[in-house]
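**Q** To be precise about what I am sending: the file is called query01.txt and holds compact mmCIF, C-alpha atoms.
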# COMPACT_ATOMS: atom_id res chain seq x y z
CA MET A 1 194.54 19.99 -87.26
CA THR A 2 197.64 17.94 -88.09
CA LYS A 3 199.95 19.58 -90.57
CA PRO A 4 199.66 17.79 -93.94
CA SER A 5 202.69 15.89 -95.19
CA ARG A 6 201.97 15.63 -98.90
CA LYS A 7 202.71 18.73 -100.97
CA PRO A 8 201.81 19.55 -104.58
CA ASN A 9 204.57 18.53 -106.96
CA ILE A 10 204.15 21.88 -108.71
CA PRO A 11 202.78 24.59 -106.39
CA ASN A 12 202.32 27.18 -109.16
CA PHE A 13 198.69 28.32 -109.07
CA SER A 14 199.15 31.84 -110.46
CA SER A 15 196.47 33.19 -112.80
CA GLY A 16 199.10 34.55 -115.18
CA PRO A 17 201.72 33.74 -116.08
CA CYS A 18 200.30 30.28 -115.38
CA ALA A 19 201.87 26.91 -114.64
CA LYS A 20 203.90 25.34 -117.42
CA ARG A 21 202.60 22.13 -118.95
CA PRO A 22 203.26 18.86 -117.10
CA GLY A 23 206.75 17.56 -117.87
CA TYR A 24 207.93 20.90 -119.23
CA ASP A 25 211.66 21.29 -119.78
CA VAL A 26 212.99 24.47 -121.35
CA ALA A 27 216.02 22.56 -122.61
CA ALA A 28 213.74 20.38 -124.74
CA LEU A 29 212.41 23.32 -126.79
CA ASP A 30 213.24 23.56 -130.49
CA GLN A 31 215.93 26.22 -130.33
CA SER A 32 216.57 26.47 -134.07
CA GLY A 33 214.96 29.92 -134.22
CA LEU A 34 217.01 31.46 -131.41
CA GLY A 35 219.39 34.13 -132.63
CA ARG A 36 217.67 34.20 -136.02
CA SER A 37 215.73 37.08 -137.51
CA HIS A 38 211.98 36.84 -137.32
CA ARG A 39 212.09 38.06 -140.94
CA SER A 40 214.21 35.10 -142.07
CA ALA A 41 212.60 32.16 -143.84
CA LEU A 42 212.93 30.10 -140.65
CA GLY A 43 211.55 32.86 -138.45
CA LYS A 44 208.54 33.36 -140.69
CA LYS A 45 207.97 29.61 -140.83
CA LEU A 46 207.90 29.27 -137.03
CA LEU A 47 205.68 32.33 -136.56
CA GLY A 48 203.37 31.15 -139.31
CA LEU A 49 203.18 27.74 -137.67
CA ALA A 50 202.12 29.36 -134.40
CA CYS A 51 199.21 30.93 -136.28
CA THR A 52 198.14 27.93 -138.36
CA GLU A 53 198.44 25.41 -135.52
CA SER A 54 196.44 27.67 -133.21
CA ALA A 55 193.72 28.00 -135.86
CA ARG A 56 193.67 24.25 -136.47
CA LEU A 57 193.49 23.25 -132.81
CA LEU A 58 190.85 25.85 -132.01
CA GLY A 59 188.78 24.85 -135.03
CA LEU A 60 188.41 28.39 -136.36
CA PRO A 61 185.81 28.73 -139.13
CA GLU A 62 186.82 29.25 -142.74
CA GLY A 63 187.78 32.86 -143.39
CA TYR A 64 188.80 33.67 -139.82
CA ARG A 65 192.30 35.11 -139.45
CA ILE A 66 194.61 34.73 -136.46
CA GLY A 67 197.77 36.75 -135.92
CA ILE A 68 200.47 37.43 -133.35
CA VAL A 69 200.47 41.00 -132.02
CA PRO A 70 202.45 42.97 -129.43
CA ALA A 71 201.74 43.43 -125.72
CA SER A 72 199.86 40.29 -124.79
CA ASP A 73 196.05 40.19 -124.58
CA THR A 74 195.98 43.86 -123.57
CA GLY A 75 197.74 44.83 -126.79
CA ALA A 76 195.38 42.70 -128.86
CA MET A 77 192.29 44.25 -127.25
CA GLU A 78 193.60 47.79 -127.61
CA MET A 79 194.47 47.09 -131.23
CA ALA A 80 190.93 45.85 -131.90
CA MET A 81 189.11 48.67 -130.10
CA TRP A 82 191.21 51.51 -131.52
CA SER A 83 190.95 50.10 -135.05
CA LEU A 84 187.30 49.00 -135.16
CA LEU A 85 185.17 51.05 -132.79
CA GLY A 86 183.46 54.31 -133.65
CA ALA A 87 181.56 53.20 -136.75
CA ARG A 88 178.38 52.70 -134.70
CA GLY A 89 177.25 52.77 -131.08
CA VAL A 90 178.89 50.38 -128.62
CA ASP A 91 177.59 48.33 -125.71
CA MET A 92 180.23 47.72 -123.04
CA VAL A 93 179.73 44.72 -120.74
CA ALA A 94 181.85 44.60 -117.57
CA TRP A 95 181.79 42.92 -114.17
CA GLU A 96 185.42 42.97 -113.02
CA SER A 97 188.59 45.02 -113.35
CA PHE A 98 189.73 44.11 -116.87
CA GLY A 99 186.28 44.63 -118.37
CA ALA A 100 186.08 47.90 -116.47
CA GLY A 101 189.41 48.86 -118.02
CA TRP A 102 187.97 48.45 -121.52
CA VAL A 103 185.07 50.70 -120.51
CA THR A 104 187.56 53.34 -119.37
CA ASP A 105 189.42 53.13 -122.68
CA VAL A 106 186.26 53.58 -124.72
CA VAL A 107 184.79 56.38 -122.62
CA LYS A 108 187.86 58.34 -121.54
CA GLN A 109 190.50 57.59 -124.20
CA LEU A 110 188.54 57.04 -127.41
CA LYS A 111 185.86 59.39 -126.02
CA LEU A 112 183.03 57.68 -127.86
CA LYS A 113 179.66 59.30 -127.20
CA ASP A 114 177.14 56.59 -128.07
CA VAL A 115 178.12 54.15 -125.31
CA THR A 116 175.79 51.94 -123.27
CA ARG A 117 177.30 50.40 -120.16
CA HIS A 118 176.13 47.08 -118.72
CA GLU A 119 177.98 46.64 -115.44
CA ALA A 120 177.82 44.47 -112.33
CA GLY A 121 179.89 44.01 -109.21
CA TYR A 122 182.31 41.21 -108.42
CA GLY A 123 180.58 37.84 -108.30
CA GLU A 124 177.73 38.76 -110.61
CA LEU A 125 176.95 39.27 -114.30
CA PRO A 126 175.03 42.19 -115.81
CA ASP A 127 171.66 41.47 -117.43
CA LEU A 128 172.91 40.12 -120.76
CA SER A 129 169.40 40.20 -122.25
CA LYS A 130 169.65 44.00 -122.40
CA VAL A 131 172.68 44.05 -124.70
CA ASN A 132 171.88 45.67 -128.05
CA PHE A 133 173.51 43.84 -130.95
CA ASP A 134 172.65 46.60 -133.40
CA ASN A 135 175.67 48.18 -131.71
CA ASP A 136 179.19 46.85 -131.43
CA VAL A 137 179.58 44.84 -128.23
CA VAL A 138 182.73 44.51 -126.10
CA PHE A 139 182.96 41.99 -123.23
CA THR A 140 185.23 39.50 -121.49
CA TRP A 141 184.27 35.84 -121.75
CA ASN A 142 185.84 35.00 -118.41
CA GLY A 143 186.49 37.57 -115.69
CA THR A 144 189.98 36.57 -114.61
CA THR A 145 189.87 38.73 -111.47
CA SER A 146 186.36 37.69 -110.37
CA GLY A 147 186.12 34.05 -111.41
CA VAL A 148 182.84 34.85 -113.19
CA ARG A 149 182.28 33.80 -116.80
CA VAL A 150 179.39 34.13 -119.22
CA PRO A 151 177.35 30.90 -119.15
CA GLY A 152 177.67 30.36 -122.90
CA GLY A 153 176.93 32.18 -126.12
CA ASP A 154 173.15 31.85 -126.43
CA TRP A 155 172.69 35.51 -125.45
CA ILE A 156 174.69 36.67 -128.48
CA ALA A 157 172.44 37.43 -131.46
CA ASP A 158 173.06 35.48 -134.65
CA ASP A 159 171.59 38.34 -136.69
CA ARG A 160 173.77 40.99 -135.03
CA GLN A 161 174.44 44.17 -136.96
CA GLY A 162 177.45 45.28 -134.96
CA LEU A 163 180.70 43.47 -134.22
CA VAL A 164 181.17 41.31 -131.11
CA ILE A 165 184.62 41.89 -129.60
CA CYS A 166 185.57 39.36 -126.94
CA ASP A 167 188.50 39.38 -124.54
CA ALA A 168 188.88 35.64 -123.99
CA THR A 169 192.38 35.45 -122.58
CA SER A 170 191.59 33.08 -119.69
CA ALA A 171 188.98 31.16 -121.70
CA VAL A 172 190.61 30.12 -125.00
CA PHE A 173 191.71 26.45 -124.81
CA ALA A 174 189.71 26.01 -121.56
CA MET A 175 186.14 26.83 -122.58
CA GLU A 176 184.10 26.06 -125.68
CA LEU A 177 183.65 29.28 -127.65
CA PRO A 178 180.94 29.82 -130.32
CA TRP A 179 183.27 31.20 -132.96
CA HIS A 180 180.46 32.02 -135.40
CA LYS A 181 179.04 34.46 -132.84
CA LEU A 182 182.36 36.22 -132.20
CA ASP A 183 183.92 38.71 -134.60
CA VAL A 184 187.07 39.54 -132.66
CA VAL A 185 188.67 37.29 -130.04
CA THR A 186 191.86 38.01 -128.15
CA TYR A 187 194.02 35.90 -125.86
CA SER A 188 197.60 35.56 -124.66
CA TRP A 189 200.07 32.70 -124.54
CA GLN A 190 200.59 32.98 -120.78
CA LYS A 191 197.17 31.70 -119.70
CA VAL A 192 195.62 28.30 -120.42
CA LEU A 193 198.60 26.76 -122.24
CA GLY A 194 201.13 28.15 -119.76
CA GLY A 195 203.14 30.05 -122.36
CA GLU A 196 205.28 33.13 -121.80
CA GLY A 197 204.03 36.71 -121.57
CA GLY A 198 204.32 39.63 -123.96
CA HIS A 199 202.59 38.25 -127.06
CA GLY A 200 198.90 38.53 -127.90
CA MET A 201 196.74 36.62 -130.35
CA LEU A 202 194.13 38.44 -132.40
CA ILE A 203 191.37 36.52 -134.19
CA LEU A 204 189.21 38.29 -136.78
CA SER A 205 186.04 37.12 -138.49
CA PRO A 206 185.28 38.10 -142.10
CA ARG A 207 182.85 40.71 -140.71
CA ALA A 208 185.67 42.28 -138.71
CA VAL A 209 187.89 42.34 -141.80
CA GLU A 210 185.10 44.03 -143.75
CA ARG A 211 184.90 46.73 -141.06
CA LEU A 212 188.65 47.28 -141.18
CA GLU A 213 188.57 47.72 -144.94
CA SER A 214 185.51 50.00 -145.02
CA TYR A 215 186.05 52.22 -141.95
CA SER A 216 188.87 54.50 -140.90
CA PRO A 217 188.69 55.78 -137.31
CA PRO A 218 188.96 59.55 -136.84
CA TRP A 219 191.91 59.28 -134.44
CA PRO A 220 195.55 58.57 -135.26
CA LEU A 221 196.68 54.95 -134.90
CA PRO A 222 200.11 54.04 -133.54
CA LYS A 223 202.17 51.79 -135.81
CA ILE A 224 201.65 48.73 -133.64
CA PHE A 225 197.84 49.04 -134.06
CA ARG A 226 197.78 49.32 -137.85
CA MET A 227 196.27 46.32 -139.63
CA THR A 228 195.53 47.82 -143.05
CA SER A 229 197.46 49.43 -145.86
CA GLY A 230 195.78 51.31 -148.67
CA GLY A 231 192.38 50.34 -147.32
CA LYS A 232 193.12 46.60 -147.43
CA LEU A 233 193.92 44.17 -144.65
CA ASN A 234 197.60 43.40 -144.19
CA GLU A 235 197.19 39.66 -144.75
CA ALA A 236 200.87 39.01 -143.98
CA LEU A 237 200.22 39.96 -140.35
CA PHE A 238 198.03 36.86 -140.07
CA LYS A 239 200.67 34.60 -141.55
CA GLY A 240 203.41 35.32 -139.04
CA ASP A 241 204.79 38.59 -140.43
CA THR A 242 204.58 40.42 -137.11
CA ILE A 243 204.43 44.22 -136.74
CA ASN A 244 207.38 44.31 -134.37
CA THR A 245 210.07 41.91 -133.17
CA PRO A 246 208.75 38.91 -131.21
CA SER A 247 210.76 36.72 -128.85
CA MET A 248 211.72 33.61 -130.81
CA LEU A 249 212.29 31.81 -127.51
CA CYS A 250 208.67 32.56 -126.56
CA VAL A 251 207.57 31.33 -129.98
CA ALA A 252 209.38 28.03 -129.40
CA ASP A 253 207.75 27.80 -125.99
CA TYR A 254 204.28 28.40 -127.47
CA LEU A 255 204.78 25.81 -130.22
CA ASP A 256 205.75 23.33 -127.50
CA ALA A 257 202.53 24.17 -125.62
CA LEU A 258 200.46 23.64 -128.77
CA LYS A 259 202.02 20.20 -129.28
CA TRP A 260 201.18 19.32 -125.68
CA CYS A 261 197.60 20.49 -126.25
CA GLU A 262 197.25 18.08 -129.15
CA SER A 263 198.80 15.27 -127.08
CA VAL A 264 196.02 15.53 -124.47
CA GLY A 265 193.23 15.49 -127.03
CA GLY A 266 193.25 19.04 -128.35
CA VAL A 267 190.82 21.64 -127.06
CA LYS A 268 188.37 18.97 -125.86
CA GLY A 269 191.18 17.53 -123.76
CA THR A 270 192.30 20.82 -122.27
CA VAL A 271 188.70 21.81 -121.51
CA ALA A 272 188.12 18.47 -119.78
CA ARG A 273 191.28 18.85 -117.69
CA SER A 274 190.24 22.30 -116.56
CA GLN A 275 186.69 21.21 -115.73
CA ALA A 276 188.02 18.26 -113.73
CA ASN A 277 190.20 20.67 -111.77
CA LEU A 278 187.20 22.88 -111.01
CA LYS A 279 185.32 19.78 -109.75
CA VAL A 280 188.08 19.22 -107.16
CA ILE A 281 187.52 22.75 -105.82
CA GLU A 282 183.73 22.40 -105.98
CA ASP A 283 183.81 19.23 -103.88
CA PHE A 284 186.01 20.94 -101.30
CA VAL A 285 183.81 24.03 -101.09
CA ALA A 286 180.66 21.90 -100.77
CA LYS A 287 181.92 20.34 -97.53
CA THR A 288 183.80 23.36 -96.11
CA PRO A 289 181.65 25.99 -94.36
CA TRP A 290 184.25 28.78 -94.25
CA ILE A 291 184.90 29.07 -97.99
CA SER A 292 182.64 29.88 -100.95
CA PHE A 293 182.80 30.82 -104.61
CA LEU A 294 182.86 34.52 -105.41
CA ALA A 295 180.66 33.68 -108.42
CA LYS A 296 177.05 33.81 -107.22
CA THR A 297 175.67 31.04 -109.46
CA PRO A 298 177.23 27.70 -110.48
CA GLU A 299 176.74 28.26 -114.22
CA THR A 300 178.90 31.39 -114.07
CA ARG A 301 181.82 29.80 -112.18
CA SER A 302 185.09 30.02 -114.02
CA ASN A 303 186.93 26.73 -114.52
CA THR A 304 190.25 28.56 -114.89
CA SER A 305 190.60 31.55 -112.53
CA VAL A 306 188.68 30.14 -109.57
CA CYS A 307 188.01 32.95 -107.08
CA LEU A 308 187.01 32.05 -103.54
CA SER A 309 185.78 34.05 -100.56
CA VAL A 310 187.19 33.04 -97.18
CA ASP A 311 185.46 33.67 -93.84
CA LEU A 312 188.34 35.73 -92.46
CA PRO A 313 189.20 39.44 -92.23
CA ALA A 314 191.20 40.80 -95.16
CA ASP A 315 194.51 40.84 -93.28
CA GLN A 316 194.09 37.21 -92.27
CA VAL A 317 193.24 36.18 -95.84
CA LYS A 318 196.54 37.73 -96.92
CA ALA A 319 198.29 35.94 -94.06
CA LEU A 320 196.79 32.64 -95.23
CA ALA A 321 198.14 33.11 -98.76
CA LYS A 322 201.54 34.11 -97.36
CA LEU A 323 201.65 31.09 -95.03
CA LEU A 324 200.98 28.65 -97.89
CA GLU A 325 203.66 30.34 -99.98
CA THR A 326 206.13 30.08 -97.11
CA GLU A 327 205.34 26.38 -96.78
CA GLY A 328 206.02 25.94 -100.51
CA VAL A 329 202.58 24.51 -101.26
CA ALA A 330 200.88 27.37 -103.15
CA TYR A 331 202.39 30.36 -104.90
CA ASP A 332 200.51 33.48 -106.03
CA ILE A 333 197.01 32.57 -104.84
CA GLY A 334 196.00 35.89 -103.32
CA SER A 335 193.09 37.65 -105.02
CA TYR A 336 193.76 40.32 -107.63
CA LYS A 337 194.66 43.71 -106.16
CA ASP A 338 191.36 45.35 -107.19
CA ALA A 339 189.17 42.37 -106.28
CA PRO A 340 187.53 41.58 -102.91
CA PRO A 341 189.90 39.86 -100.44
CA GLY A 342 190.05 36.15 -101.11
CA ILE A 343 191.90 33.25 -102.71
CA ARG A 344 192.35 32.75 -106.46
CA ILE A 345 193.47 29.32 -107.64
CA TRP A 346 194.30 28.73 -111.30
CA CYS A 347 192.65 25.53 -112.50
CA GLY A 348 193.58 25.67 -116.17
CA ALA A 349 194.67 22.66 -118.17
CA THR A 350 198.36 22.79 -117.25
CA VAL A 351 197.56 22.29 -113.55
CA GLU A 352 197.55 18.65 -112.50
CA GLN A 353 194.47 17.43 -110.63
CA GLY A 354 196.67 15.66 -108.09
CA ASP A 355 198.38 18.94 -107.19
CA LEU A 356 195.02 20.54 -106.41
CA GLU A 357 194.06 17.54 -104.31
CA ALA A 358 197.32 17.90 -102.39
CA LEU A 359 196.79 21.66 -101.92
CA LEU A 360 193.36 21.57 -100.29
CA PRO A 361 194.35 19.92 -96.95
CA TRP A 362 196.99 22.63 -96.67
CA LEU A 363 194.35 25.27 -97.30
CA GLU A 364 192.29 23.76 -94.45
CA TRP A 365 195.34 23.62 -92.19
CA GLY A 366 196.37 27.17 -93.08
CA TYR A 367 192.91 28.49 -92.32
CA GLN A 368 193.00 26.94 -88.86
CA GLN A 369 196.48 28.33 -88.20
CA VAL A 370 195.59 31.86 -89.26
CA LYS A 371 192.26 31.89 -87.46
CA GLY A 372 194.15 30.61 -84.44
Take the structure in the file and write it out as structure tokens.

**A**
Amino acid sequence: MTKPSRKPNIPNFSSGPCAKRPGYDVAALDQSGLGRSHRSALGKKLLGLACTESARLLGLPEGYRIGIVPASDTGAMEMAMWSLLGARGVDMVAWESFGAGWVTDVVKQLKLKDVTRHEAGYGELPDLSKVNFDNDVVFTWNGTTSGVRVPGGDWIADDRQGLVICDATSAVFAMELPWHKLDVVTYSWQKVLGGEGGHGMLILSPRAVERLESYSPPWPLPKIFRMTSGGKLNEALFKGDTINTPSMLCVADYLDALKWCESVGGVKGTVARSQANLKVIEDFVAKTPWISFLAKTPETRSNTSVCLSVDLPADQVKALAKLLETEGVAYDIGSYKDAPPGIRIWCGATVEQGDLEALLPWLEWGYQQVKG
């Protein structure tokens, strides 16, 4: 096969941190908050704006709170689980490494006894019909390391008694979420909008707030997990008064990403961009016999972290990813370290469709070179 001549303009296909928005220029960021205290009037204004603009663009229901918390999506999930779980039994739903990590936290760290595990291997989903919503439920909306997502929210009970806690870090701004069915949602800036790492977003429904104000877990809570004072929610936390010091440069970067989101039509626009990117990969896979989706069924295919199986031994799959990186056409597309050998291509909204179209002939060429 002839070596392709056209290369992607931006070869960044990492699944986190993800590609910056098209036309991004760090020099164009509003730098007024740099060097200023996050406790100053300006700092609080910018942090508050990050919360209110996120809520507005996402269309959060009345009464839902959204706040900036430490340690990215992981910090937000840990904060939620350590603060909320233990009041009733919990159903844990997992089918890839991050979901499995939440199971480990609940079973081995929190040491909860009344735990039901619904688990499946890479490429598949557990039987969601068996989830008991009289219990609290913890799951990931999109398995970033497997490319497998839940097919929607119909399986989540409207009359649930427990809380539904959802790790949605590679889904928010790329997939439609049924907010009224979700009591806790977490995500990070570094995924769909291409923001910087280190900051998490925590969304709470009124039911989650009620739990926080009526239940105190039997274990000690580190300072960075504490959301209540005197039995009442710390409302300031959800207005930009962060627990610890955030990066004001990252805040400026996130506000820039939110403006870009609105410029492409808001969440509907970013979802459409991501779905169009997935279609490019789907068309390629349909005509290419040596590559397939890790997700077993089309309705569970992620439109962000697209995971692909390649008909090559593991060492040659790694060589393929390395070859494309060396050629400067695709960076960071190897599968996650705990996942089956393969290729993972980020197709979130900040990736341009034309760059994916330019990548695929190189993927074909690289396969032929490695297979030799």

**Q** Considering only C-alpha atoms, return as a PyMOL selection string whatever protein or nucleic-acid residues lie within 7 Å of range 255-262 of chain A, sequence-local ones (same chain, fewer than 4 positions apart) excluded.

**A** chain A and resi 21+29+50+193+195+251+266-267+270

**Q** Here is a test: counting all atoms listed in the file, which residue of A:Ala171, A:Leu360, A:Ala321, A:Val69 is nearest to Lys287 in chain A?

**A**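 Using all atoms listed in the file, the shortest distance to Lys287 in chain A belongs to A:Leu360.
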
**Q** Which residue is closest to Ser309 in chain A? Choose from A:Ser214, A:Ser229, A:Ser146, A:Gln31 and count all atoms listed in the file.

**A**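 Looking only at the distances to Ser309 in chain A, the closest residue turns out to be A:Ser146.
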
**Q** To one decimal place, how far is CA of Val138 in chain A from CA of Pro298 in chain A in Å?

**A**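 Spanning CA of Val138 in chain A to CA of Pro298 in chain A is a straight-line distance of 23.6 Å.
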
**Q** Could you state the separation of CA of Gly230 in chain A and CA of Glu213 in chain A in Å, given to one decimal place?

**A**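 Computing it gives 8.9 Å between the two atoms.
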
**Q** Tell me which of A:Gln353, A:Gln161, A:Asn132, A:Asn303 sits closest to Gly147 in chain A, counting all atoms listed in the file.

**A**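 Under the stated criterion, the closest residue is A:Asn303.
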
**Q** Between A:Thr74, A:Thr242, A:Thr144, A:Thr52, which is the closest to Leu294 in chain A once you count only C-alpha atoms?

**A**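 Ranking A:Thr74, A:Thr242, A:Thr144, A:Thr52 by distance to Leu294 in chain A, first place goes to A:Thr144.
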
**Q** Mind pulling up the distance from CA of Thr145 in chain A to CA of Gly366 in chain A?

**A** 22.7 Å

**Q** Extract, using all atoms listed in the file, all DNA, RNA and protein residues at most 9 Å from Gly162 in chain A, discarding same-chain residues fewer than 2 positions from it, and format them as a PyMOL selection string.

**A** chain A and resi 88-90+132-137+160+164

**Q** Sorted by chain and rising residue number, list the residues of range 79-180 of chain A at most 9 Å from range 186-191 of chain A (counting only C-alpha atoms), each with its closest atom pair and distance in Å to one decimal, as CSV.

**A**
residue,atom,partner,partner_atom,distance
A:Ala80,CA,A:Thr186,CA,8.7
A:Ile165,CA,A:Thr186,CA,8.3
A:Cys166,CA,A:Thr186,CA,6.5
A:Asp167,CA,A:Thr186,CA,5.1
A:Ala168,CA,A:Tyr187,CA,5.5
A:Thr169,CA,A:Tyr187,CA,3.7
A:Ser170,CA,A:Lys191,CA,5.7
A:Ala171,CA,A:Tyr187,CA,8.1
A:Val172,CA,A:Tyr187,CA,6.8

**Q** Pick from A:Val264, A:Cys307, A:Pro126, A:Phe13: nearest to Val285 in chain A, with all atoms listed in the file counted?

**A**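 Among the listed residues, A:Cys307 lies closest to Val285 in chain A.
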
**Q** Of the candidates A:Ile203, A:Ile224, A:Leu359, A:Leu320, which shows the shortest atom-to-atom distance to Glu78 in chain A, using only C-alpha atoms?

**A**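 Counting only C-alpha atoms, the residue closest to Glu78 in chain A is A:Ile224.
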
**Q** Can you list, as a list of chain:residue names, every protein, DNA or RNA residue that comes within 12 Å of Met175 in chain A when you count all atoms listed in the file, leaving out same-chain residues fewer than 6 positions away?

**A**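 Selected residues are A:Leu58, A:Trp141, A:Asn142, A:Arg149, A:Val150, A:Pro151, A:Gly152, A:Gly153, A:Ala168, A:Thr169, A:Val192, A:Val267, A:Lys268, A:Gly269, A:Thr270, A:Val271, A:Ala272, A:Arg273, A:Ser274, A:Gln275, A:Arg301, A:Ser302, A:Asn303, A:Thr304, A:Ser305, A:Gly348, A:Ala349.
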
**Q** Around (174.1, 31.1, -126.1) in the file's frame, which residues reach within 12 Å when counting all atoms listed in the file? Return as an MDAnalysis selection string?

**A** chainID A and resid 128:129 150:158 176:182

**Q** How would the residues just picked look written out with C-alpha atoms as a PDB file, in the frame of the given file?

**A**
ATOM      1  CA  LEU A 128     172.910  40.120-120.760  1.00  0.00           C
ATOM      2  CA  SER A 129     169.400  40.200-122.250  1.00  0.00           C
ATOM      3  CA  VAL A 150     179.390  34.130-119.220  1.00  0.00           C
ATOM      4  CA  PRO A 151     177.350  30.900-119.150  1.00  0.00           C
ATOM      5  CA  GLY A 152     177.670  30.360-122.900  1.00  0.00           C
ATOM      6  CA  GLY A 153     176.930  32.180-126.120  1.00  0.00           C
ATOM      7  CA  ASP A 154     173.150  31.850-126.430  1.00  0.00           C
ATOM      8  CA  TRP A 155     172.690  35.510-125.450  1.00  0.00           C
ATOM      9  CA  ILE A 156     174.690  36.670-128.480  1.00  0.00           C
ATOM     10  CA  ALA A 157     172.440  37.430-131.460  1.00  0.00           C
ATOM     11  CA  ASP A 158     173.060  35.480-134.650  1.00  0.00           C
ATOM     12  CA  GLU A 176     184.100  26.060-125.680  1.00  0.00           C
ATOM     13  CA  LEU A 177     183.650  29.280-127.650  1.00  0.00           C
ATOM     14  CA  PRO A 178     180.940  29.820-130.320  1.00  0.00           C
ATOM     15  CA  TRP A 179     183.270  31.200-132.960  1.00  0.00           C
ATOM     16  CA  HIS A 180     180.460  32.020-135.400  1.00  0.00           C
ATOM     17  CA  LYS A 181     179.040  34.460-132.840  1.00  0.00           C
ATOM     18  CA  LEU A 182     182.360  36.220-132.200  1.00  0.00           C
TER      19      LEU A 182
END

**Q** Pick out the residues sitting within 7 Å of Val370 in chain A, and hand them over as a PyMOL selection string; count all atoms listed in the file, and ignore anything fewer than 2 positions along from it in its own chain.

**A** chain A and resi 316+319-320+366-368+372

**Q** Would you write out those residues with C-alpha atoms, as a JSON list (two decimals), in the coordinates of the input?

**A**
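Result file is part03.json:
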[["chain", "number", "residue", "atom", "x", "y", "z"],
["A", 316, "GLN", "CA", 194.09, 37.21, -92.27],
["A", 319, "ALA", "CA", 198.29, 35.94, -94.06],
["A", 320, "LEU", "CA", 196.79, 32.64, -95.23],
["A", 366, "GLY", "CA", 196.37, 27.17, -93.08],
["A", 367, "TYR", "CA", 192.91, 28.49, -92.32],
["A", 368, "GLN", "CA", 193.00, 26.94, -88.86],
["A", 372, "GLY", "CA", 194.15, 30.61, -84.44]]

**Q** List as a list in words: which residues have an atom within 10 Å of (188.6, 36.7, -95.1), counting all atoms listed in the file?

**A**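 Final list of nearby residues, as requested, is Trp290, Ile291, Leu308, Ser309, Val310, Asp311, Leu312, Pro313, Ala314, Asp315, Gln316, Val317, Lys318, Ala319, Leu320, Pro340, Pro341, Gly342, Ile343, Tyr367 and Lys371 of chain A.
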
**Q** Step by step, gather every atom of range 239-250 of chain A that the file lists, find the box along x, y and z that holds them, add 8 Å on each side, and finally give centre and edge lengths in Å to one decimal, as lines of an AutoDock Vina configuration file.

**A**
center_x = 206.5
center_y = 38.1
center_z = -134.1
size_x = 27.6
size_y = 28.5
size_z = 31.0
